[in-house]
file start.pdb (PDB, C-alpha atoms, pLDDT in the B column)
ATOM      1  CA  MET A   1      36.630  43.767 130.801  1.00 51.00           C
ATOM      2  CA  PRO A   2      38.354  41.445 133.202  1.00 55.00           C
ATOM      3  CA  ALA A   3      40.021  42.926 136.263  1.00 53.00           C
ATOM      4  CA  ASP A   4      43.392  41.422 135.321  1.00 56.00           C
ATOM      5  CA  PHE A   5      43.320  43.239 131.986  1.00 53.00           C
ATOM      6  CA  GLU A   6      42.558  46.562 133.676  1.00 55.00           C
ATOM      7  CA  SER A   7      45.407  46.145 136.190  1.00 55.00           C
ATOM      8  CA  ALA A   8      47.819  45.154 133.395  1.00 54.00           C
ATOM      9  CA  ARG A   9      46.740  48.166 131.371  1.00 59.00           C
ATOM     10  CA  ALA A  10      47.209  50.485 134.344  1.00 57.00           C
ATOM     11  CA  GLY A  11      50.786  49.182 134.793  1.00 60.00           C
ATOM     12  CA  LYS A  12      51.816  50.021 131.197  1.00 71.00           C
ATOM     13  CA  PRO A  13      52.424  53.736 131.814  1.00 75.00           C
ATOM     14  CA  LYS A  14      54.646  52.878 134.762  1.00 79.00           C
ATOM     15  CA  LEU A  15      56.578  50.422 132.605  1.00 78.00           C
ATOM     16  CA  LYS A  16      56.989  53.013 129.839  1.00 82.00           C
ATOM     17  CA  ALA A  17      58.185  55.615 132.334  1.00 82.00           C
ATOM     18  CA  ARG A  18      60.739  53.170 133.765  1.00 85.00           C
ATOM     19  CA  LEU A  19      61.879  52.215 130.275  1.00 85.00           C
ATOM     20  CA  ARG A  20      62.341  55.893 129.343  1.00 88.00           C
ATOM     21  CA  LEU A  21      64.306  56.488 132.528  1.00 87.00           C
ATOM     22  CA  CYS A  22      66.576  53.501 131.849  1.00 87.00           C
ATOM     23  CA  CYS A  23      67.148  54.619 128.242  1.00 88.00           C
ATOM     24  CA  SER A  24      67.928  58.154 129.381  1.00 88.00           C
ATOM     25  CA  CYS A  25      70.427  56.903 131.955  1.00 88.00           C
ATOM     26  CA  LEU A  26      72.037  54.605 129.385  1.00 86.00           C
ATOM     27  CA  MET A  27      72.358  57.449 126.864  1.00 89.00           C
ATOM     28  CA  LEU A  28      73.843  59.713 129.524  1.00 87.00           C
ATOM     29  CA  ALA A  29      76.400  57.059 130.467  1.00 86.00           C
ATOM     30  CA  CYS A  30      77.354  56.532 126.799  1.00 86.00           C
ATOM     31  CA  GLY A  31      77.715  60.285 126.354  1.00 85.00           C
ATOM     32  CA  LEU A  32      80.003  60.541 129.370  1.00 86.00           C
ATOM     33  CA  VAL A  33      82.186  57.677 128.124  1.00 85.00           C
ATOM     34  CA  LEU A  34      82.420  59.339 124.696  1.00 84.00           C
ATOM     35  CA  LEU A  35      83.322  62.665 126.294  1.00 83.00           C
ATOM     36  CA  TYR A  36      86.072  61.005 128.362  1.00 81.00           C
ATOM     37  CA  CYS A  37      87.526  59.312 125.265  1.00 78.00           C
ATOM     38  CA  LEU A  38      87.539  62.573 123.310  1.00 78.00           C
ATOM     39  CA  ALA A  39      89.231  64.396 126.191  1.00 79.00           C
ATOM     40  CA  SER A  40      91.961  61.735 126.295  1.00 77.00           C
ATOM     41  CA  VAL A  41      92.607  62.059 122.560  1.00 76.00           C
ATOM     42  CA  PHE A  42      92.663  65.855 122.798  1.00 73.00           C
ATOM     43  CA  LYS A  43      95.142  65.716 125.685  1.00 74.00           C
ATOM     44  CA  ALA A  44      97.482  63.408 123.740  1.00 69.00           C
ATOM     45  CA  ASN A  45      97.344  65.676 120.683  1.00 67.00           C
ATOM     46  CA  LEU A  46      98.035  68.730 122.803  1.00 66.00           C
ATOM     47  CA  ALA A  47     101.132  67.100 124.334  1.00 64.00           C
ATOM     48  CA  SER A  48     102.536  66.195 120.902  1.00 69.00           C
ATOM     49  CA  ASP A  49     101.827  69.723 119.649  1.00 80.00           C
ATOM     50  CA  ARG A  50     103.785  71.177 122.570  1.00 87.00           C
ATOM     51  CA  SER A  51     106.743  68.919 121.785  1.00 89.00           C
ATOM     52  CA  ALA A  52     106.708  70.027 118.159  1.00 90.00           C
ATOM     53  CA  TYR A  53     106.425  73.669 119.224  1.00 93.00           C
ATOM     54  CA  LEU A  54     109.438  73.334 121.552  1.00 94.00           C
ATOM     55  CA  LYS A  55     111.504  71.680 118.815  1.00 95.00           C
ATOM     56  CA  ALA A  56     110.583  74.436 116.361  1.00 95.00           C
ATOM     57  CA  ALA A  57     111.516  77.109 118.936  1.00 96.00           C
ATOM     58  CA  ILE A  58     114.924  75.520 119.530  1.00 97.00           C
ATOM     59  CA  GLU A  59     115.621  75.262 115.799  1.00 96.00           C
ATOM     60  CA  ARG A  60     114.453  78.852 115.218  1.00 96.00           C
ATOM     61  CA  ASP A  61     116.723  80.161 117.987  1.00 96.00           C
ATOM     62  CA  ALA A  62     119.662  78.152 116.645  1.00 96.00           C
ATOM     63  CA  VAL A  63     119.192  79.670 113.181  1.00 96.00           C
ATOM     64  CA  GLN A  64     118.907  83.136 114.725  1.00 96.00           C
ATOM     65  CA  CYS A  65     122.157  82.514 116.615  1.00 96.00           C
ATOM     66  CA  TYR A  66     123.819  81.450 113.359  1.00 96.00           C
ATOM     67  CA  ALA A  67     122.597  84.610 111.620  1.00 95.00           C
ATOM     68  CA  ILE A  68     123.831  86.892 114.415  1.00 95.00           C
ATOM     69  CA  GLU A  69     127.022  85.175 115.565  1.00 95.00           C
ATOM     70  CA  GLY A  70     128.055  83.328 112.397  1.00 95.00           C
ATOM     71  CA  ALA A  71     127.999  79.901 114.073  1.00 96.00           C
ATOM     72  CA  TYR A  72     125.421  77.538 115.476  1.00 96.00           C
ATOM     73  CA  PRO A  73     125.479  77.239 119.284  1.00 95.00           C
ATOM     74  CA  LYS A  74     127.477  74.347 120.712  1.00 94.00           C
ATOM     75  CA  ASP A  75     124.873  73.534 123.340  1.00 94.00           C
ATOM     76  CA  LEU A  76     121.363  74.299 124.467  1.00 95.00           C
ATOM     77  CA  ALA A  77     122.556  76.364 127.410  1.00 95.00           C
ATOM     78  CA  HIS A  78     123.815  79.053 125.009  1.00 96.00           C
ATOM     79  CA  LEU A  79     120.297  79.447 123.607  1.00 96.00           C
ATOM     80  CA  GLU A  80     118.845  79.593 127.092  1.00 96.00           C
ATOM     81  CA  ASP A  81     121.379  82.159 128.287  1.00 96.00           C
ATOM     82  CA  TYR A  82     121.467  84.521 125.302  1.00 95.00           C
ATOM     83  CA  TYR A  83     118.274  83.953 123.283  1.00 95.00           C
ATOM     84  CA  GLY A  84     115.624  83.546 125.980  1.00 93.00           C
ATOM     85  CA  LEU A  85     114.802  79.925 125.268  1.00 95.00           C
ATOM     86  CA  GLN A  86     112.902  78.263 128.115  1.00 94.00           C
ATOM     87  CA  VAL A  87     112.682  74.488 128.420  1.00 93.00           C
ATOM     88  CA  ASP A  88     110.482  72.758 130.986  1.00 92.00           C
ATOM     89  CA  ARG A  89     112.944  70.085 132.070  1.00 91.00           C
ATOM     90  CA  ASN A  90     110.302  68.404 134.232  1.00 92.00           C
ATOM     91  CA  SER A  91     108.153  67.664 131.177  1.00 90.00           C
ATOM     92  CA  TYR A  92     110.638  67.317 128.296  1.00 92.00           C
ATOM     93  CA  ASP A  93     114.026  65.818 127.579  1.00 94.00           C
ATOM     94  CA  VAL A  94     115.845  67.687 124.836  1.00 95.00           C
ATOM     95  CA  TYR A  95     118.667  66.076 122.889  1.00 96.00           C
ATOM     96  CA  TYR A  96     120.740  68.746 121.163  1.00 96.00           C
ATOM     97  CA  GLN A  97     123.702  67.629 119.105  1.00 96.00           C
ATOM     98  CA  SER A  98     125.941  70.204 117.509  1.00 93.00           C
ATOM     99  CA  LEU A  99     127.427  68.895 114.282  1.00 90.00           C
ATOM    100  CA  GLY A 100     129.778  71.815 113.757  1.00 90.00           C
ATOM    101  CA  SER A 101     129.740  75.566 113.757  1.00 91.00           C
ATOM    102  CA  ASN A 102     128.329  75.766 110.230  1.00 93.00           C
ATOM    103  CA  LEU A 103     125.966  72.738 110.277  1.00 95.00           C
ATOM    104  CA  LYS A 104     122.465  72.893 111.668  1.00 95.00           C
ATOM    105  CA  PRO A 105     122.261  70.914 114.934  1.00 96.00           C
ATOM    106  CA  GLN A 106     120.075  67.857 115.419  1.00 96.00           C
ATOM    107  CA  VAL A 107     117.256  68.423 117.880  1.00 96.00           C
ATOM    108  CA  ILE A 108     115.037  65.752 119.424  1.00 96.00           C
ATOM    109  CA  VAL A 109     112.352  66.618 121.972  1.00 94.00           C
ATOM    110  CA  VAL A 110     110.852  63.799 124.024  1.00 92.00           C
ATOM    111  CA  ARG A 111     107.875  64.197 126.352  1.00 88.00           C
ATOM    112  CA  VAL A 112     108.712  62.685 129.744  1.00 88.00           C
ATOM    113  CA  SER A 113     105.886  60.865 131.453  1.00 78.00           C
ATOM    114  CA  GLY A 114     105.866  60.197 135.148  1.00 62.00           C
ATOM    115  CA  ARG A 115     107.937  63.174 136.240  1.00 51.00           C
TER     116      ARG A 115
END
call {"tool": "encode", "arguments": {"input": "start.pdb", "output": "structure tokens"}}
result
Amino acid sequence: MPADFESARAGKPKLKARLRLCCSCLMLACGLVLLYCLASVFKANLASDRSAYLKAAIERDAVQCYAIEGAYPKDLAHLEDYYGLQVDRNSYDVYYQSLGSNLKPQVIVVRVSGR
């Protein structure tokens, strides 16, 4: 066999090892990018779930106030003072509009970004 063929054949295992290493690194990088994307989606879903949970808590406390006192509260402060409602004002803006003492109030919870 010619010497060039032997040296080319001896270099094949090195080439295969390098190719495996490159493929492994590429797969690891793709996995990390996928993991980052999934974490971002999970974080967004968690934030929207917290907003929905806060809105449900406000509405539940308003109904409880109506059942106990015979009227819906005029403002959110009443629920905070007498029914133990806690609102993270640094993370959420809450719009509470009382429509009357016997009408369920409108509640909108907005997640505040950048605060």
call {"tool": "resolve_selection", "arguments": {"input": "start.pdb", "expression": "the PyMOL selection byres ((chain A and resi 51-62) around 9)", "output": "ChimeraX atom specification"}}
result
/A:46-50,63-67,71-73,76,79,83-87,92,94,104-111
call {"tool": "atom_distance", "arguments": {"input": "start.pdb", "atom1": "atom CA of Asn102 of chain A", "atom2": "atom CA of Arg89 of chain A"}}
result
27.3 Å
call {"tool": "atom_distance", "arguments": {"input": "start.pdb", "atom1": "atom CA of His78 of chain A", "atom2": "atom CA of Ser101 of chain A"}}
result
13.2 Å
call {"tool": "axis_aligned_box", "arguments": {"input": "start.pdb", "around": "segment 8-27 of chain A", "padding_each_side": "6 Å", "output": "JSON"}}
result
{"center_x": 59.5, "center_y": 51.7, "center_z": 130.8, "size_x": 37.6, "size_y": 25.0, "size_z": 19.9}
call {"tool": "atom_distance", "arguments": {"input": "start.pdb", "atom1": "atom CA of Cys25 of chain A", "atom2": "atom CA of Ala39 of chain A"}}
result
21.0 Å
